[in-house]
file input-v2.csv (CSV, C-alpha atoms and all ligand atoms)
chain,number,residue,atom,x,y,z
A,9,MET,CA,-25.2,41.7,78.2
A,10,THR,CA,-27.9,39.8,80.0
A,11,ASN,CA,-27.9,39.5,83.7
A,12,SER,CA,-29.9,36.3,83.8
A,13,LEU,CA,-28.0,33.0,84.1
A,14,SER,CA,-29.2,29.5,83.5
A,15,GLN,CA,-27.2,26.3,83.6
A,16,SER,CA,-27.6,23.1,81.8
A,17,ILE,CA,-27.4,20.1,84.2
A,18,ASP,CA,-27.6,16.3,83.8
A,19,LEU,CA,-30.4,14.8,85.8
A,20,THR,CA,-31.4,11.2,86.5
A,21,CYS,CA,-35.1,10.8,87.1
A,22,PRO,CA,-35.6,9.3,90.6
A,23,LYS,CA,-38.6,7.3,89.4
A,24,CYS,CA,-37.7,5.7,86.1
A,25,ARG,CA,-33.9,6.4,86.2
A,26,GLN,CA,-33.9,8.0,82.8
A,27,LYS,CA,-31.1,10.5,82.3
A,28,PHE,CA,-31.9,13.9,80.8
A,29,LYS,CA,-30.6,17.4,80.4
A,30,ALA,CA,-32.4,20.3,81.9
A,31,GLU,CA,-31.9,24.0,82.3
A,32,ILE,CA,-32.1,25.5,85.7
A,33,TRP,CA,-32.1,29.2,86.4
A,34,LEU,CA,-29.6,30.6,88.8
A,35,ILE,CA,-30.0,34.3,88.3
A,36,ILE,CA,-33.2,35.8,86.9
A,37,ASP,CA,-33.4,39.5,86.0
A,38,ALA,CA,-37.1,40.2,86.3
A,39,ALA,CA,-36.9,42.9,83.6
A,40,GLU,CA,-35.5,40.4,81.1
A,41,GLN,CA,-37.4,37.3,82.0
A,42,THR,CA,-41.0,38.4,82.6
A,43,ASN,CA,-42.3,35.0,81.5
A,44,LEU,CA,-40.4,33.4,84.3
A,45,MET,CA,-42.0,35.6,87.0
A,46,GLU,CA,-45.2,33.6,86.9
A,47,LYS,CA,-43.2,30.4,87.7
A,48,ILE,CA,-41.3,32.2,90.5
A,49,ILE,CA,-44.5,33.3,92.1
A,50,GLN,CA,-45.7,29.7,92.0
A,51,GLU,CA,-42.3,28.6,93.4
A,52,LYS,CA,-41.9,26.3,90.4
A,53,THR,CA,-38.7,27.7,88.9
A,54,HIS,CA,-36.8,24.6,89.7
A,55,GLU,CA,-39.5,22.1,89.0
A,56,LEU,CA,-38.4,19.9,86.1
A,57,PRO,CA,-40.7,17.2,84.6
A,58,CYS,CA,-39.0,14.0,83.5
A,59,PRO,CA,-39.4,13.5,79.7
A,60,GLY,CA,-39.8,9.7,80.2
A,61,CYS,CA,-42.4,9.4,82.9
A,62,GLY,CA,-43.5,12.9,83.6
A,63,ASN,CA,-42.4,12.7,87.2
A,64,ASN,CA,-42.1,16.3,88.5
A,65,GLY,CA,-38.6,16.5,90.1
A,66,ASN,CA,-37.5,19.4,92.1
A,67,VAL,CA,-34.0,20.6,91.7
A,68,ASP,CA,-32.3,21.9,94.7
A,69,ALA,CA,-30.6,25.0,93.5
A,70,PRO,CA,-30.3,28.5,94.7
A,71,LEU,CA,-31.9,31.3,92.9
A,72,LEU,CA,-30.9,35.0,92.8
A,73,LEU,CA,-33.8,37.2,91.7
A,74,TYR,CA,-32.8,40.6,90.5
A,75,ARG,CA,-35.5,43.2,90.1
A,76,PRO,CA,-34.1,46.4,88.7
A,77,SER,CA,-37.2,48.5,89.2
A,78,GLU,CA,-38.6,47.0,92.3
A,79,THR,CA,-38.1,47.1,96.0
A,80,PRO,CA,-36.3,45.1,97.2
A,81,ILE,CA,-34.0,45.0,94.3
A,82,LEU,CA,-32.5,41.6,95.1
A,83,ILE,CA,-34.0,38.4,96.5
A,84,PHE,CA,-31.9,35.3,97.2
A,85,SER,CA,-33.6,32.0,97.5
A,86,PRO,CA,-31.0,29.4,98.8
A,87,ALA,CA,-30.9,25.8,97.9
A,88,SER,CA,-32.5,23.8,100.7
A,89,GLN,CA,-30.0,21.0,101.0
A,90,THR,CA,-26.9,23.1,101.4
A,91,THR,CA,-25.2,24.5,104.5
A,92,GLN,CA,-25.3,28.2,105.3
A,93,GLU,CA,-21.7,28.3,104.4
A,94,GLN,CA,-22.3,26.9,100.9
A,95,ASP,CA,-25.2,29.3,100.5
A,96,ARG,CA,-23.0,32.2,101.3
A,97,GLU,CA,-20.3,31.1,98.9
A,98,GLN,CA,-23.0,30.7,96.2
A,99,ALA,CA,-24.3,34.2,96.8
A,100,ASP,CA,-20.8,35.6,96.8
A,101,ALA,CA,-20.0,33.8,93.6
A,102,GLU,CA,-23.2,35.1,91.9
A,103,MET,CA,-22.5,38.6,93.2
A,104,GLU,CA,-19.0,38.4,91.8
A,105,ARG,CA,-20.3,37.3,88.5
A,106,LEU,CA,-22.7,40.2,88.4
A,107,ARG,CA,-19.8,42.5,89.2
A,108,ARG,CA,-17.8,41.2,86.3
A,109,GLU,CA,-20.5,40.8,83.7
A,110,GLY,CA,-23.4,43.0,84.7
A,111,GLN,CA,-21.7,46.2,85.7
A,112,LYS,CA,-24.9,48.2,85.5
A,113,ALA,CA,-26.8,45.8,87.6
A,114,TYR,CA,-24.0,45.6,90.2
A,115,GLN,CA,-23.8,49.4,90.4
A,116,GLU,CA,-27.5,49.5,91.1
A,117,LEU,CA,-27.0,46.9,93.9
A,118,GLU,CA,-24.1,48.9,95.3
A,119,GLU,CA,-26.2,52.0,95.2
A,120,GLU,CA,-29.0,50.2,97.0
A,121,SER,CA,-26.7,48.9,99.7
A,122,ARG,CA,-25.1,52.3,100.2
A,123,CYS,CA,-28.5,53.8,100.5
A,124,ARG,CA,-29.2,51.5,103.4
A,125,ALA,CA,-27.8,52.1,106.8
A,126,GLU,CA,-24.0,52.1,106.8
A,127,ASN,CA,-23.9,49.2,109.2
A,128,ALA,CA,-26.1,47.1,107.0
A,129,PRO,CA,-24.0,46.5,103.8
A,130,LEU,CA,-25.3,44.5,100.9
A,131,LEU,CA,-23.7,41.3,102.1
A,132,GLN,CA,-25.4,41.5,105.4
A,133,MET,CA,-28.6,41.9,103.6
A,134,LEU,CA,-27.9,38.9,101.4
A,135,GLN,CA,-27.0,36.9,104.5
A,136,ASP,CA,-30.4,37.5,106.0
A,137,PHE,CA,-31.9,36.1,102.9
A,138,ILE,CA,-29.6,33.2,102.8
A,139,GLN,CA,-30.3,32.3,106.4
A,140,SER,CA,-33.9,31.9,105.6
A,141,GLU,CA,-35.0,28.4,105.0
A,142,THR,CA,-37.7,28.8,102.4
A,143,TRP,CA,-38.7,31.1,99.6
A,144,SER,CA,-41.6,32.5,101.6
A,145,GLU,CA,-39.3,33.1,104.5
A,146,SER,CA,-37.0,35.0,102.2
A,147,GLN,CA,-39.9,37.2,101.2
A,148,ARG,CA,-40.9,37.7,104.8
A,149,ILE,CA,-37.3,38.9,105.6
A,150,VAL,CA,-37.4,41.1,102.5
A,151,GLN,CA,-40.6,42.8,103.8
A,152,GLN,CA,-38.8,43.5,107.1
A,153,HIS,CA,-36.1,45.3,105.2
A,154,PRO,CA,-37.9,48.0,103.4
A,155,SER,CA,-35.6,49.9,101.2
A,156,CYS,CA,-34.9,53.6,101.7
A,157,CYS,CA,-34.6,53.9,97.9
A,158,GLN,CA,-38.2,54.0,97.1
A,159,THR,CA,-37.9,56.6,94.5
A,160,LYS,CA,-39.0,54.3,91.6
B,1,ZN,ZN,-38.9,9.6,84.8
call {"tool": "encode", "arguments": {"input": "input-v2.csv", "output": "structure tokens"}}
result
Amino acid sequence: MTNSLSQSIDLTCPKCRQKFKAEIWLIIDAAEQTNLMEKIIQEKTHELPCPGCGNNGNVDAPLLLYRPSETPILIFSPASQTTQEQDREQADAEMERLRREGQKAYQELEEESRCRAENAPLLQMLQDFIQSETWSESQRIVQQHPSCCQTK
């Protein structure tokens, strides 16, 4: 069972109005999708060029990055046009999906959160990420939360 999740969406190019289908990534397991890591680093994961005119559209979608052998194990990059409430629901939904379909991944996350201070459960950690406005901000927050599980 793969942990990564992409979704096919219908888009309309804002420039030439052409409709096209595109795939956006919602969850990326870094161990599975090494080829996507380059894009993530360049913050281009949700950049989708229009097949008609080549206009580079940016899709506003959240991204959950799961890194089984890295610290931190989880990075959430929220969509920028959503409210914090929507972001939290989105993160909850993705966590729930992981719990159902990626048991091993979820267990690792649980372990990670247990390993943190008891008053800082995983959801709180997620919320910190969610409340950040940008990808770089998420990464900054991540760096402020060094994991205690640095055994790998
Ligand atoms: Zn176009």
call {"tool": "residues_near_ligand", "arguments": {"input": "input-v2.csv", "ligand": "ligand ZN 1 (chain B)", "cutoff": "9 Å", "atoms": "only C-alpha atoms and all ligand atoms", "output": "PyMOL selection string"}}
result
chain A and resi 20-27+57-65
call {"tool": "write_last_selection", "arguments": {"input": "input-v2.csv", "atoms": "C-alpha atoms", "output": "short mmCIF file (atom, residue, chain, number, x, y, z; two decimals), in the frame of the given file"}}
result
data_model
loop_
_atom_site.label_atom_id
_atom_site.label_comp_id
_atom_site.auth_asym_id
_atom_site.auth_seq_id
_atom_site.Cartn_x
_atom_site.Cartn_y
_atom_site.Cartn_z
CA THR A 20 -31.40 11.20 86.50
CA CYS A 21 -35.10 10.80 87.10
CA PRO A 22 -35.60 9.30 90.60
CA LYS A 23 -38.60 7.30 89.40
CA CYS A 24 -37.70 5.70 86.10
CA ARG A 25 -33.90 6.40 86.20
CA GLN A 26 -33.90 8.00 82.80
CA LYS A 27 -31.10 10.50 82.30
CA PRO A 57 -40.70 17.20 84.60
CA CYS A 58 -39.00 14.00 83.50
CA PRO A 59 -39.40 13.50 79.70
CA GLY A 60 -39.80 9.70 80.20
CA CYS A 61 -42.40 9.40 82.90
CA GLY A 62 -43.50 12.90 83.60
CA ASN A 63 -42.40 12.70 87.20
CA ASN A 64 -42.10 16.30 88.50
CA GLY A 65 -38.60 16.50 90.10
#
call {"tool": "atom_distance", "arguments": {"input": "input-v2.csv", "atom1": "atom CA of Gln98 of chain A", "atom2": "atom CA of Ile35 of chain A"}}
result
11.2 Å
call {"tool": "residues_around", "arguments": {"input": "input-v2.csv", "residues": "Ile83 of chain A", "least_positions_apart": "4", "cutoff": "7 Å", "atoms": "all atoms listed in the file", "output": "PyMOL selection string"}}
result
chain A and resi 72-74
call {"tool": "residues_around", "arguments": {"input": "input-v2.csv", "residues": "Arg105 of chain A", "least_positions_apart": "4", "cutoff": "10 Å", "atoms": "only C-alpha atoms", "output": "list of chain:residue names"}}
result
A:Asn11, A:Leu13, A:Ala99, A:Asp100, A:Ala101, A:Glu109, A:Gly110, A:Gln111, A:Tyr114
call {"tool": "atom_distance", "arguments": {"input": "input-v2.csv", "atom1": "atom CA of Asn43 of chain A", "atom2": "atom CA of Lys29 of chain A"}}
result
21.2 Å
call {"tool": "residues_near_point", "arguments": {"input": "input-v2.csv", "point": "(-29.1, 15.6, 98.9)", "cutoff": "12 Å", "atoms": "all atoms listed in the file", "output": "MDAnalysis selection string"}}
result
chainID A and resid 66:69 87:91
call {"tool": "write_last_selection", "arguments": {"input": "input-v2.csv", "atoms": "C-alpha atoms", "output": "PDB file, in the frame of the given file"}}
result
ATOM      1  CA  ASN A  66     -37.500  19.400  92.100  1.00  0.00           C
ATOM      2  CA  VAL A  67     -34.000  20.600  91.700  1.00  0.00           C
ATOM      3  CA  ASP A  68     -32.300  21.900  94.700  1.00  0.00           C
ATOM      4  CA  ALA A  69     -30.600  25.000  93.500  1.00  0.00           C
ATOM      5  CA  ALA A  87     -30.900  25.800  97.900  1.00  0.00           C
ATOM      6  CA  SER A  88     -32.500  23.800 100.700  1.00  0.00           C
ATOM      7  CA  GLN A  89     -30.000  21.000 101.000  1.00  0.00           C
ATOM      8  CA  THR A  90     -26.900  23.100 101.400  1.00  0.00           C
ATOM      9  CA  THR A  91     -25.200  24.500 104.500  1.00  0.00           C
TER      10      THR A  91
END
call {"tool": "closest_residue", "arguments": {"input": "input-v2.csv", "among": "A:Arg96, A:Arg107, A:Lys112, A:Lys47", "to": "Phe84 of chain A", "atoms": "all atoms listed in the file"}}
result
A:Arg96
call {"tool": "atom_distance", "arguments": {"input": "input-v2.csv", "atom1": "atom CA of Glu31 of chain A", "atom2": "atom CA of Leu71 of chain A"}}
result
12.9 Å
call {"tool": "residues_around", "arguments": {"input": "input-v2.csv", "residues": "Ile32 of chain A", "least_positions_apart": "6", "cutoff": "7 Å", "atoms": "all atoms listed in the file", "output": "compact mmCIF listing (two decimals) with C-alpha atoms, keeping the file's coordinate frame"}}
result
# COMPACT_ATOMS: atom_id res chain seq x y z
CA SER A 14 -29.20 29.50 83.50
CA GLN A 15 -27.20 26.30 83.60
CA SER A 16 -27.60 23.10 81.80
CA HIS A 54 -36.80 24.60 89.70
call {"tool": "closest_residue", "arguments": {"input": "input-v2.csv", "among": "A:Leu56, A:Leu106, A:Ile36, A:Ile48", "to": "Arg75 of chain A", "atoms": "only C-alpha atoms"}}
result
A:Ile36
call {"tool": "build_atoms", "arguments": {"input": "input-v2.csv", "residues": "segment 46-66 of chain A", "atoms": "N, CA and C atoms", "output": "PDB file, keeping the file's coordinate frame"}}
result
ATOM      1  N   GLU A  46     -44.034  34.351  86.560  1.00  0.00           N
ATOM      2  CA  GLU A  46     -45.200  33.600  86.900  1.00  0.00           C
ATOM      3  C   GLU A  46     -44.748  32.295  87.684  1.00  0.00           C
ATOM      4  N   LYS A  47     -43.725  31.637  87.119  1.00  0.00           N
ATOM      5  CA  LYS A  47     -43.200  30.400  87.700  1.00  0.00           C
ATOM      6  C   LYS A  47     -42.626  30.694  89.109  1.00  0.00           C
ATOM      7  N   ILE A  48     -41.928  31.822  89.216  1.00  0.00           N
ATOM      8  CA  ILE A  48     -41.300  32.200  90.500  1.00  0.00           C
ATOM      9  C   ILE A  48     -42.368  32.341  91.558  1.00  0.00           C
ATOM     10  N   ILE A  49     -43.403  33.047  91.174  1.00  0.00           N
ATOM     11  CA  ILE A  49     -44.500  33.300  92.100  1.00  0.00           C
ATOM     12  C   ILE A  49     -45.088  31.990  92.589  1.00  0.00           C
ATOM     13  N   GLN A  50     -45.156  31.031  91.682  1.00  0.00           N
ATOM     14  CA  GLN A  50     -45.700  29.700  92.000  1.00  0.00           C
ATOM     15  C   GLN A  50     -44.636  28.793  92.613  1.00  0.00           C
ATOM     16  N   GLU A  51     -43.436  29.322  92.827  1.00  0.00           N
ATOM     17  CA  GLU A  51     -42.300  28.600  93.400  1.00  0.00           C
ATOM     18  C   GLU A  51     -42.020  27.322  92.539  1.00  0.00           C
ATOM     19  N   LYS A  52     -42.129  27.457  91.222  1.00  0.00           N
ATOM     20  CA  LYS A  52     -41.900  26.300  90.400  1.00  0.00           C
ATOM     21  C   LYS A  52     -40.710  26.458  89.463  1.00  0.00           C
ATOM     22  N   THR A  53     -39.875  27.424  89.766  1.00  0.00           N
ATOM     23  CA  THR A  53     -38.700  27.700  88.900  1.00  0.00           C
ATOM     24  C   THR A  53     -37.832  26.495  88.734  1.00  0.00           C
ATOM     25  N   HIS A  54     -37.715  25.715  89.786  1.00  0.00           N
ATOM     26  CA  HIS A  54     -36.800  24.600  89.700  1.00  0.00           C
ATOM     27  C   HIS A  54     -37.499  23.258  89.653  1.00  0.00           C
ATOM     28  N   GLU A  55     -38.721  23.301  89.173  1.00  0.00           N
ATOM     29  CA  GLU A  55     -39.500  22.100  89.000  1.00  0.00           C
ATOM     30  C   GLU A  55     -39.255  21.587  87.562  1.00  0.00           C
ATOM     31  N   LEU A  56     -38.727  20.390  87.401  1.00  0.00           N
ATOM     32  CA  LEU A  56     -38.400  19.900  86.100  1.00  0.00           C
ATOM     33  C   LEU A  56     -39.007  18.533  85.817  1.00  0.00           C
ATOM     34  N   PRO A  57     -39.993  18.501  84.924  1.00  0.00           N
ATOM     35  CA  PRO A  57     -40.700  17.200  84.600  1.00  0.00           C
ATOM     36  C   PRO A  57     -39.746  16.291  83.832  1.00  0.00           C
ATOM     37  N   CYS A  58     -39.755  15.007  84.184  1.00  0.00           N
ATOM     38  CA  CYS A  58     -39.000  14.000  83.500  1.00  0.00           C
ATOM     39  C   CYS A  58     -39.623  13.739  82.109  1.00  0.00           C
ATOM     40  N   PRO A  59     -38.841  13.750  81.008  1.00  0.00           N
ATOM     41  CA  PRO A  59     -39.400  13.500  79.700  1.00  0.00           C
ATOM     42  C   PRO A  59     -39.885  12.072  79.516  1.00  0.00           C
ATOM     43  N   GLY A  60     -39.379  11.148  80.339  1.00  0.00           N
ATOM     44  CA  GLY A  60     -39.800   9.700  80.200  1.00  0.00           C
ATOM     45  C   GLY A  60     -41.090   9.442  80.877  1.00  0.00           C
ATOM     46  N   CYS A  61     -41.207   9.774  82.161  1.00  0.00           N
ATOM     47  CA  CYS A  61     -42.400   9.400  82.900  1.00  0.00           C
ATOM     48  C   CYS A  61     -43.217  10.542  83.403  1.00  0.00           C
ATOM     49  N   GLY A  62     -42.711  11.757  83.202  1.00  0.00           N
ATOM     50  CA  GLY A  62     -43.500  12.900  83.600  1.00  0.00           C
ATOM     51  C   GLY A  62     -43.393  13.246  85.079  1.00  0.00           C
ATOM     52  N   ASN A  63     -42.593  12.459  85.802  1.00  0.00           N
ATOM     53  CA  ASN A  63     -42.400  12.700  87.200  1.00  0.00           C
ATOM     54  C   ASN A  63     -41.868  14.126  87.434  1.00  0.00           C
ATOM     55  N   ASN A  64     -42.494  14.884  88.317  1.00  0.00           N
ATOM     56  CA  ASN A  64     -42.100  16.300  88.500  1.00  0.00           C
ATOM     57  C   ASN A  64     -40.977  16.331  89.586  1.00  0.00           C
ATOM     58  N   GLY A  65     -39.751  16.401  89.120  1.00  0.00           N
ATOM     59  CA  GLY A  65     -38.600  16.500  90.100  1.00  0.00           C
ATOM     60  C   GLY A  65     -38.383  17.906  90.462  1.00  0.00           C
ATOM     61  N   ASN A  66     -37.898  18.073  91.670  1.00  0.00           N
ATOM     62  CA  ASN A  66     -37.500  19.400  92.100  1.00  0.00           C
ATOM     63  C   ASN A  66     -36.022  19.474  92.251  1.00  0.00           C
TER      64      ASN A  66
END
